[in-house]
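Below: query25.cif (mmCIF, N, CA and C atoms)
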```cif
data_model
loop_
_atom_site.label_atom_id
_atom_site.label_comp_id
_atom_site.auth_asym_id
_atom_site.auth_seq_id
_atom_site.Cartn_x
_atom_site.Cartn_y
_atom_site.Cartn_z
N MET Q 1 25.24 248.12 58.04
CA MET Q 1 25.28 247.12 59.08
C MET Q 1 26.12 245.92 58.63
N ALA Q 2 26.01 245.54 57.37
CA ALA Q 2 26.79 244.41 56.87
C ALA Q 2 28.28 244.71 56.91
N LYS Q 3 28.65 245.97 56.61
CA LYS Q 3 30.07 246.36 56.66
C LYS Q 3 30.59 246.26 58.09
N PHE Q 4 29.78 246.69 59.07
CA PHE Q 4 30.17 246.61 60.47
C PHE Q 4 30.37 245.16 60.89
N ASN Q 5 29.45 244.27 60.48
CA ASN Q 5 29.58 242.85 60.80
C ASN Q 5 30.83 242.26 60.16
N SER Q 6 31.16 242.69 58.95
CA SER Q 6 32.38 242.24 58.28
C SER Q 6 33.60 242.71 59.05
N GLN Q 7 33.57 243.93 59.55
CA GLN Q 7 34.70 244.45 60.32
C GLN Q 7 34.87 243.69 61.63
N ILE Q 8 33.77 243.40 62.30
CA ILE Q 8 33.84 242.64 63.55
C ILE Q 8 34.39 241.25 63.27
N THR Q 9 33.94 240.63 62.21
CA THR Q 9 34.44 239.31 61.84
C THR Q 9 35.94 239.36 61.57
N THR Q 10 36.38 240.38 60.86
CA THR Q 10 37.80 240.55 60.57
C THR Q 10 38.60 240.70 61.86
N LEU Q 11 38.10 241.51 62.78
CA LEU Q 11 38.78 241.70 64.06
C LEU Q 11 38.90 240.39 64.80
N PHE Q 12 37.85 239.61 64.86
CA PHE Q 12 37.89 238.33 65.56
C PHE Q 12 38.88 237.37 64.89
N ILE Q 13 38.95 237.39 63.58
CA ILE Q 13 39.89 236.53 62.87
C ILE Q 13 41.32 236.92 63.22
N ILE Q 14 41.61 238.21 63.21
CA ILE Q 14 42.96 238.68 63.54
C ILE Q 14 43.30 238.33 64.98
N VAL Q 15 42.38 238.58 65.90
CA VAL Q 15 42.62 238.24 67.32
C VAL Q 15 42.83 236.74 67.47
N ALA Q 16 42.03 235.95 66.78
CA ALA Q 16 42.19 234.49 66.86
C ALA Q 16 43.54 234.04 66.32
N LEU Q 17 43.97 234.65 65.21
CA LEU Q 17 45.29 234.31 64.67
C LEU Q 17 46.40 234.64 65.66
N VAL Q 18 46.32 235.82 66.24
CA VAL Q 18 47.34 236.22 67.20
C VAL Q 18 47.33 235.28 68.39
N CYS Q 19 46.16 234.99 68.93
CA CYS Q 19 46.06 234.10 70.09
C CYS Q 19 46.50 232.68 69.77
N ALA Q 20 46.22 232.23 68.57
CA ALA Q 20 46.58 230.86 68.19
C ALA Q 20 48.07 230.64 68.10
N PHE Q 21 48.80 231.67 67.70
CA PHE Q 21 50.24 231.49 67.49
C PHE Q 21 51.10 232.01 68.63
N VAL Q 22 50.58 232.86 69.48
CA VAL Q 22 51.37 233.40 70.58
C VAL Q 22 51.83 232.31 71.54
N PRO Q 23 51.00 231.37 72.00
CA PRO Q 23 51.47 230.38 72.96
C PRO Q 23 52.55 229.45 72.40
N ALA Q 24 52.62 229.31 71.11
CA ALA Q 24 53.58 228.39 70.52
C ALA Q 24 55.03 228.89 70.64
N PHE Q 25 55.22 230.16 70.81
CA PHE Q 25 56.56 230.73 70.87
C PHE Q 25 56.66 231.66 72.07
N SER Q 26 57.47 231.29 73.06
CA SER Q 26 57.54 232.08 74.28
C SER Q 26 58.06 233.49 74.02
N VAL Q 27 58.98 233.65 73.07
CA VAL Q 27 59.48 234.98 72.75
C VAL Q 27 58.35 235.83 72.20
N GLU Q 28 57.54 235.26 71.32
CA GLU Q 28 56.43 236.01 70.75
C GLU Q 28 55.40 236.34 71.82
N GLU Q 29 55.22 235.47 72.80
CA GLU Q 29 54.27 235.75 73.86
C GLU Q 29 54.71 236.98 74.64
N ALA Q 30 55.98 237.06 74.97
CA ALA Q 30 56.50 238.23 75.68
C ALA Q 30 56.34 239.47 74.81
N GLU Q 31 56.62 239.34 73.52
CA GLU Q 31 56.47 240.46 72.60
C GLU Q 31 55.01 240.90 72.53
N ALA Q 32 54.11 239.94 72.45
CA ALA Q 32 52.68 240.26 72.39
C ALA Q 32 52.23 240.99 73.65
N ASN Q 33 52.70 240.56 74.79
CA ASN Q 33 52.35 241.24 76.04
C ASN Q 33 52.89 242.66 76.06
N LEU Q 34 54.11 242.83 75.59
CA LEU Q 34 54.70 244.16 75.53
C LEU Q 34 53.90 245.06 74.59
N LEU Q 35 53.56 244.52 73.42
CA LEU Q 35 52.76 245.30 72.46
C LEU Q 35 51.43 245.70 73.07
N TRP Q 36 50.78 244.76 73.73
CA TRP Q 36 49.48 245.04 74.34
C TRP Q 36 49.61 246.13 75.39
N ASN Q 37 50.60 246.00 76.27
CA ASN Q 37 50.75 246.94 77.38
C ASN Q 37 51.24 248.31 76.97
N THR Q 38 51.98 248.41 75.88
CA THR Q 38 52.55 249.70 75.51
C THR Q 38 51.90 250.33 74.29
N CYS Q 39 51.32 249.54 73.43
CA CYS Q 39 50.80 250.10 72.17
C CYS Q 39 49.27 250.10 72.09
N LEU Q 40 48.66 248.97 72.28
CA LEU Q 40 47.23 248.86 72.06
C LEU Q 40 46.41 249.67 73.04
N VAL Q 41 46.96 249.97 74.20
CA VAL Q 41 46.22 250.78 75.17
C VAL Q 41 46.15 252.24 74.76
N LYS Q 42 46.91 252.64 73.75
CA LYS Q 42 46.95 254.02 73.30
C LYS Q 42 45.89 254.34 72.25
N ILE Q 43 45.15 253.35 71.81
CA ILE Q 43 44.22 253.56 70.70
C ILE Q 43 42.89 252.87 71.02
N THR Q 44 41.80 253.46 70.55
CA THR Q 44 40.49 252.88 70.85
C THR Q 44 40.28 251.59 70.06
N PRO Q 45 39.45 250.70 70.57
CA PRO Q 45 39.16 249.47 69.81
C PRO Q 45 38.59 249.75 68.43
N LYS Q 46 37.75 250.77 68.31
CA LYS Q 46 37.18 251.11 67.00
C LYS Q 46 38.28 251.53 66.02
N CYS Q 47 39.22 252.34 66.50
CA CYS Q 47 40.30 252.77 65.62
C CYS Q 47 41.23 251.61 65.27
N ALA Q 48 41.46 250.73 66.24
CA ALA Q 48 42.27 249.54 65.95
C ALA Q 48 41.62 248.71 64.85
N LEU Q 49 40.32 248.56 64.95
CA LEU Q 49 39.59 247.83 63.91
C LEU Q 49 39.67 248.54 62.57
N ASP Q 50 39.55 249.86 62.57
CA ASP Q 50 39.66 250.63 61.33
C ASP Q 50 41.04 250.44 60.69
N ILE Q 51 42.08 250.44 61.51
CA ILE Q 51 43.44 250.25 61.00
C ILE Q 51 43.56 248.87 60.35
N ILE Q 52 43.05 247.85 61.02
CA ILE Q 52 43.11 246.49 60.48
C ILE Q 52 42.37 246.40 59.15
N VAL Q 53 41.21 247.03 59.08
CA VAL Q 53 40.42 246.99 57.84
C VAL Q 53 41.14 247.72 56.71
N VAL Q 54 41.78 248.85 57.03
CA VAL Q 54 42.51 249.60 56.00
C VAL Q 54 43.69 248.78 55.48
N VAL Q 55 44.44 248.18 56.39
CA VAL Q 55 45.67 247.48 55.99
C VAL Q 55 45.39 246.11 55.39
N PHE Q 56 44.49 245.35 56.00
CA PHE Q 56 44.29 243.97 55.57
C PHE Q 56 43.09 243.79 54.65
N GLU Q 57 42.31 244.83 54.45
CA GLU Q 57 41.22 244.82 53.49
C GLU Q 57 41.36 246.10 52.66
N ASN Q 58 40.26 246.74 52.36
CA ASN Q 58 40.33 247.99 51.58
C ASN Q 58 39.42 249.04 52.19
N GLY Q 59 39.53 249.24 53.50
CA GLY Q 59 38.69 250.21 54.19
C GLY Q 59 39.25 251.62 54.09
N THR Q 60 38.55 252.54 54.71
CA THR Q 60 38.99 253.93 54.77
C THR Q 60 39.20 254.31 56.24
N MET Q 61 40.08 255.24 56.46
CA MET Q 61 40.45 255.64 57.81
C MET Q 61 39.80 256.98 58.17
N PRO Q 62 38.98 257.00 59.22
CA PRO Q 62 38.40 258.27 59.67
C PRO Q 62 39.50 259.19 60.24
N ASP Q 63 39.36 260.49 60.04
CA ASP Q 63 40.37 261.43 60.52
C ASP Q 63 40.65 261.33 62.02
N PRO Q 64 39.62 261.19 62.88
CA PRO Q 64 39.93 261.08 64.32
C PRO Q 64 40.81 259.87 64.64
N CYS Q 65 40.65 258.80 63.91
CA CYS Q 65 41.48 257.62 64.13
C CYS Q 65 42.91 257.86 63.64
N CYS Q 66 43.05 258.69 62.63
CA CYS Q 66 44.40 259.06 62.18
C CYS Q 66 45.14 259.76 63.32
N ASN Q 67 44.45 260.65 64.00
CA ASN Q 67 45.09 261.34 65.12
C ASN Q 67 45.50 260.35 66.21
N ASP Q 68 44.63 259.38 66.50
CA ASP Q 68 44.97 258.34 67.49
C ASP Q 68 46.16 257.52 67.04
N LEU Q 69 46.19 257.18 65.75
CA LEU Q 69 47.30 256.38 65.22
C LEU Q 69 48.63 257.12 65.37
N VAL Q 70 48.63 258.39 65.06
CA VAL Q 70 49.87 259.17 65.18
C VAL Q 70 50.29 259.27 66.65
N LYS Q 71 49.33 259.41 67.55
CA LYS Q 71 49.65 259.43 68.99
C LYS Q 71 50.21 258.09 69.45
N GLU Q 72 49.72 257.01 68.86
CA GLU Q 72 50.22 255.67 69.19
C GLU Q 72 51.70 255.57 68.85
N GLY Q 73 52.08 256.16 67.74
CA GLY Q 73 53.48 256.18 67.33
C GLY Q 73 53.78 255.21 66.21
N LYS Q 74 54.77 255.57 65.40
CA LYS Q 74 55.13 254.78 64.23
C LYS Q 74 55.68 253.41 64.62
N VAL Q 75 56.48 253.35 65.67
CA VAL Q 75 57.07 252.07 66.08
C VAL Q 75 55.97 251.09 66.49
N CYS Q 76 55.02 251.56 67.29
CA CYS Q 76 53.91 250.68 67.69
C CYS Q 76 53.10 250.23 66.47
N HIS Q 77 52.77 251.18 65.62
CA HIS Q 77 51.97 250.86 64.43
C HIS Q 77 52.68 249.82 63.56
N HIS Q 78 53.93 250.08 63.24
CA HIS Q 78 54.67 249.17 62.37
C HIS Q 78 54.84 247.80 63.02
N THR Q 79 55.16 247.78 64.29
CA THR Q 79 55.39 246.51 64.99
C THR Q 79 54.12 245.67 65.05
N LEU Q 80 53.00 246.31 65.34
CA LEU Q 80 51.74 245.57 65.42
C LEU Q 80 51.33 245.01 64.06
N ILE Q 81 51.44 245.82 63.01
CA ILE Q 81 51.08 245.35 61.67
C ILE Q 81 52.01 244.22 61.25
N LYS Q 82 53.30 244.38 61.48
CA LYS Q 82 54.27 243.34 61.13
C LYS Q 82 53.98 242.06 61.90
N TYR Q 83 53.65 242.18 63.17
CA TYR Q 83 53.33 241.03 64.01
C TYR Q 83 52.15 240.24 63.43
N ILE Q 84 51.12 240.97 63.02
CA ILE Q 84 49.94 240.31 62.44
C ILE Q 84 50.27 239.75 61.06
N ALA Q 85 50.95 240.53 60.23
CA ALA Q 85 51.24 240.12 58.85
C ALA Q 85 52.20 238.94 58.77
N ASP Q 86 52.95 238.69 59.83
CA ASP Q 86 53.88 237.55 59.85
C ASP Q 86 53.20 236.21 60.08
N LYS Q 87 51.93 236.20 60.37
CA LYS Q 87 51.23 234.95 60.63
C LYS Q 87 51.14 234.13 59.33
N PRO Q 88 51.23 232.82 59.45
CA PRO Q 88 51.27 231.95 58.26
C PRO Q 88 50.15 232.19 57.25
N MET Q 89 48.97 232.50 57.72
CA MET Q 89 47.85 232.68 56.78
C MET Q 89 47.94 234.02 56.03
N LEU Q 90 48.78 234.93 56.50
CA LEU Q 90 48.86 236.26 55.90
C LEU Q 90 50.21 236.56 55.26
N ILE Q 91 51.22 235.79 55.59
CA ILE Q 91 52.59 236.14 55.21
C ILE Q 91 52.81 236.20 53.69
N ALA Q 92 52.01 235.50 52.94
CA ALA Q 92 52.17 235.52 51.48
C ALA Q 92 51.96 236.93 50.92
N HIS Q 93 51.20 237.75 51.63
CA HIS Q 93 50.91 239.11 51.18
C HIS Q 93 51.54 240.15 52.11
N GLU Q 94 52.53 239.75 52.88
CA GLU Q 94 53.12 240.63 53.89
C GLU Q 94 53.64 241.94 53.27
N THR Q 95 54.31 241.86 52.14
CA THR Q 95 54.85 243.06 51.50
C THR Q 95 53.74 244.05 51.17
N GLU Q 96 52.64 243.53 50.65
CA GLU Q 96 51.49 244.38 50.32
C GLU Q 96 50.94 245.05 51.58
N TYR Q 97 50.80 244.27 52.67
CA TYR Q 97 50.26 244.82 53.92
C TYR Q 97 51.19 245.88 54.51
N LEU Q 98 52.49 245.64 54.45
CA LEU Q 98 53.44 246.61 54.99
C LEU Q 98 53.44 247.90 54.18
N LYS Q 99 53.27 247.78 52.86
CA LYS Q 99 53.18 248.97 52.02
C LYS Q 99 51.90 249.76 52.35
N LYS Q 100 50.80 249.05 52.51
CA LYS Q 100 49.54 249.72 52.87
C LYS Q 100 49.67 250.37 54.26
N SER Q 101 50.37 249.70 55.16
CA SER Q 101 50.60 250.25 56.49
C SER Q 101 51.41 251.54 56.41
N ASP Q 102 52.47 251.55 55.61
CA ASP Q 102 53.29 252.75 55.43
C ASP Q 102 52.47 253.88 54.80
N ASN Q 103 51.66 253.55 53.81
CA ASN Q 103 50.82 254.56 53.17
C ASN Q 103 49.81 255.14 54.17
N LEU Q 104 49.25 254.27 55.00
CA LEU Q 104 48.31 254.73 56.02
C LEU Q 104 49.02 255.66 56.99
N TRP Q 105 50.21 255.28 57.41
CA TRP Q 105 50.97 256.13 58.35
C TRP Q 105 51.21 257.52 57.74
N LYS Q 106 51.67 257.57 56.49
CA LYS Q 106 51.94 258.85 55.83
C LYS Q 106 50.66 259.69 55.73
N HIS Q 107 49.58 259.03 55.36
CA HIS Q 107 48.28 259.73 55.25
C HIS Q 107 47.89 260.31 56.61
N CYS Q 108 48.00 259.53 57.65
CA CYS Q 108 47.58 259.99 58.99
C CYS Q 108 48.48 261.09 59.53
N VAL Q 109 49.76 261.03 59.24
CA VAL Q 109 50.66 262.11 59.66
C VAL Q 109 50.25 263.41 58.98
N SER Q 110 49.92 263.33 57.69
CA SER Q 110 49.51 264.55 56.97
C SER Q 110 48.18 265.09 57.52
N ILE Q 111 47.28 264.20 57.88
CA ILE Q 111 45.99 264.60 58.46
C ILE Q 111 46.20 265.28 59.82
N SER Q 112 47.04 264.67 60.65
CA SER Q 112 47.25 265.20 62.00
C SER Q 112 48.00 266.53 61.97
N LYS Q 113 48.86 266.73 60.99
CA LYS Q 113 49.59 268.02 60.87
C LYS Q 113 48.65 269.14 60.46
N SER Q 114 47.63 268.80 59.68
CA SER Q 114 46.71 269.84 59.20
C SER Q 114 45.61 270.14 60.21
N ALA Q 115 45.51 269.32 61.25
CA ALA Q 115 44.43 269.53 62.25
C ALA Q 115 44.81 270.58 63.26
#
```
Take the structure in the file and give it back as structure tokens.
Amino acid sequence: MAKFNSQITTLFIIVALVCAFVPAFSVEEAEANLLWNTCLVKITPKCALDIIVVVFENGTMPDPCCNDLVKEGKVCHHTLIKYIADKPMLIAHETEYLKKSDNLWKHCVSISKSA
């Protein structure tokens, strides 16, 4: 239960960061809307949270979420992670997050191919 509460807290922090910085830049607002309408609708909220925990913390990815991630597509996955990792509070570790994101993508592709 504590892990679930930690994940929910992490999700709210990420959403708050995105919401806090989107209005400041009109280009980013349009990008955020595009990402929401084309990418986030392809994946369940639980899987989105799992992805965030894997990339920005040290969680593990359930196989069904790997299948959802692959269906979402590499461009959506990379763009969303980059969008979040570019925020001022996270940018110091952006390289680490992008590497974890790439590793997650490779892992999920291998999982989905074997299914």
As lines of an AutoDock Vina configuration file: centre and edge lengths in Å, one decimal, of the axis-aligned box holding segment 47-63 of chain Q with 5 Å per side:
```
center_x = 42.0
center_y = 252.6
center_z = 59.0
size_x = 17.3
size_y = 27.6
size_z = 24.9
```
Selected by the PyMOL selection byres (((chain Q and resi 70-72 and name CA) around 8) and name CA) in the shown coordinates: which residues, as a list of chain:residue names?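 On this input, the PyMOL selection byres (((chain Q and resi 70-72 and name CA) around 8) and name CA) captures Q:Cys39, Q:Leu40, Q:Lys42, Q:Ile43, Q:Cys66, Q:Asn67, Q:Asp68, Q:Leu69, Q:Gly73, Q:Lys74, Q:Cys76, Q:His77, Q:Trp105, Q:Cys108, Q:Val109, Q:Ser112.
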Evaluate the PyMOL selection byres (((chain Q and resi 44-59 and name CA) around 6) and name CA) here and jot the selected residues down as a ChimeraX atom specification. /Q:43,60,65,97,100-101
Dump of N, CA and C atoms for the selected residues, as a PDB file, keeping the file's coordinate frame:
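Generated file (again-v4.pdb):
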```pdb
ATOM      1  N   ILE Q  43      45.150 253.350  71.810  1.00  0.00           N
ATOM      2  CA  ILE Q  43      44.220 253.560  70.700  1.00  0.00           C
ATOM      3  C   ILE Q  43      42.890 252.870  71.020  1.00  0.00           C
ATOM      4  N   THR Q  60      38.550 252.540  54.710  1.00  0.00           N
ATOM      5  CA  THR Q  60      38.990 253.930  54.770  1.00  0.00           C
ATOM      6  C   THR Q  60      39.200 254.310  56.240  1.00  0.00           C
ATOM      7  N   CYS Q  65      40.650 258.800  63.910  1.00  0.00           N
ATOM      8  CA  CYS Q  65      41.480 257.620  64.130  1.00  0.00           C
ATOM      9  C   CYS Q  65      42.910 257.860  63.640  1.00  0.00           C
ATOM     10  N   TYR Q  97      50.800 244.270  52.670  1.00  0.00           N
ATOM     11  CA  TYR Q  97      50.260 244.820  53.920  1.00  0.00           C
ATOM     12  C   TYR Q  97      51.190 245.880  54.510  1.00  0.00           C
ATOM     13  N   LYS Q 100      50.800 249.050  52.510  1.00  0.00           N
ATOM     14  CA  LYS Q 100      49.540 249.720  52.870  1.00  0.00           C
ATOM     15  C   LYS Q 100      49.670 250.370  54.260  1.00  0.00           C
ATOM     16  N   SER Q 101      50.370 249.700  55.160  1.00  0.00           N
ATOM     17  CA  SER Q 101      50.600 250.250  56.490  1.00  0.00           C
ATOM     18  C   SER Q 101      51.410 251.540  56.410  1.00  0.00           C
TER      19      SER Q 101
END
```
Top pick for closest residue to His78 of chain Q, considering Q:Leu90, Q:Val41, Q:Met61, Q:Leu35 and counting only C-alpha atoms: Q:Leu35
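For the atom pair formed by atom N of Ile81 of chain Q and atom CA of Leu98 of chain Q, the distance is 8.3 Å, given to one decimal.
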Quick one: DSSP helix (DSSP H, G or I) residues in segment 51-92 of chain Q, as a PyMOL selection string? chain Q and resi 51-56+63-72+74-85+91-92
Please indicate the distance in Å from atom C of Asp63 of chain Q to atom CA of Ile111 of chain Q, rounded to one decimal place. 7.2 Å
Å distance separating atom C of Lys82 of chain Q from atom N of His107 of chain Q, one decimal place: 18.7 Å
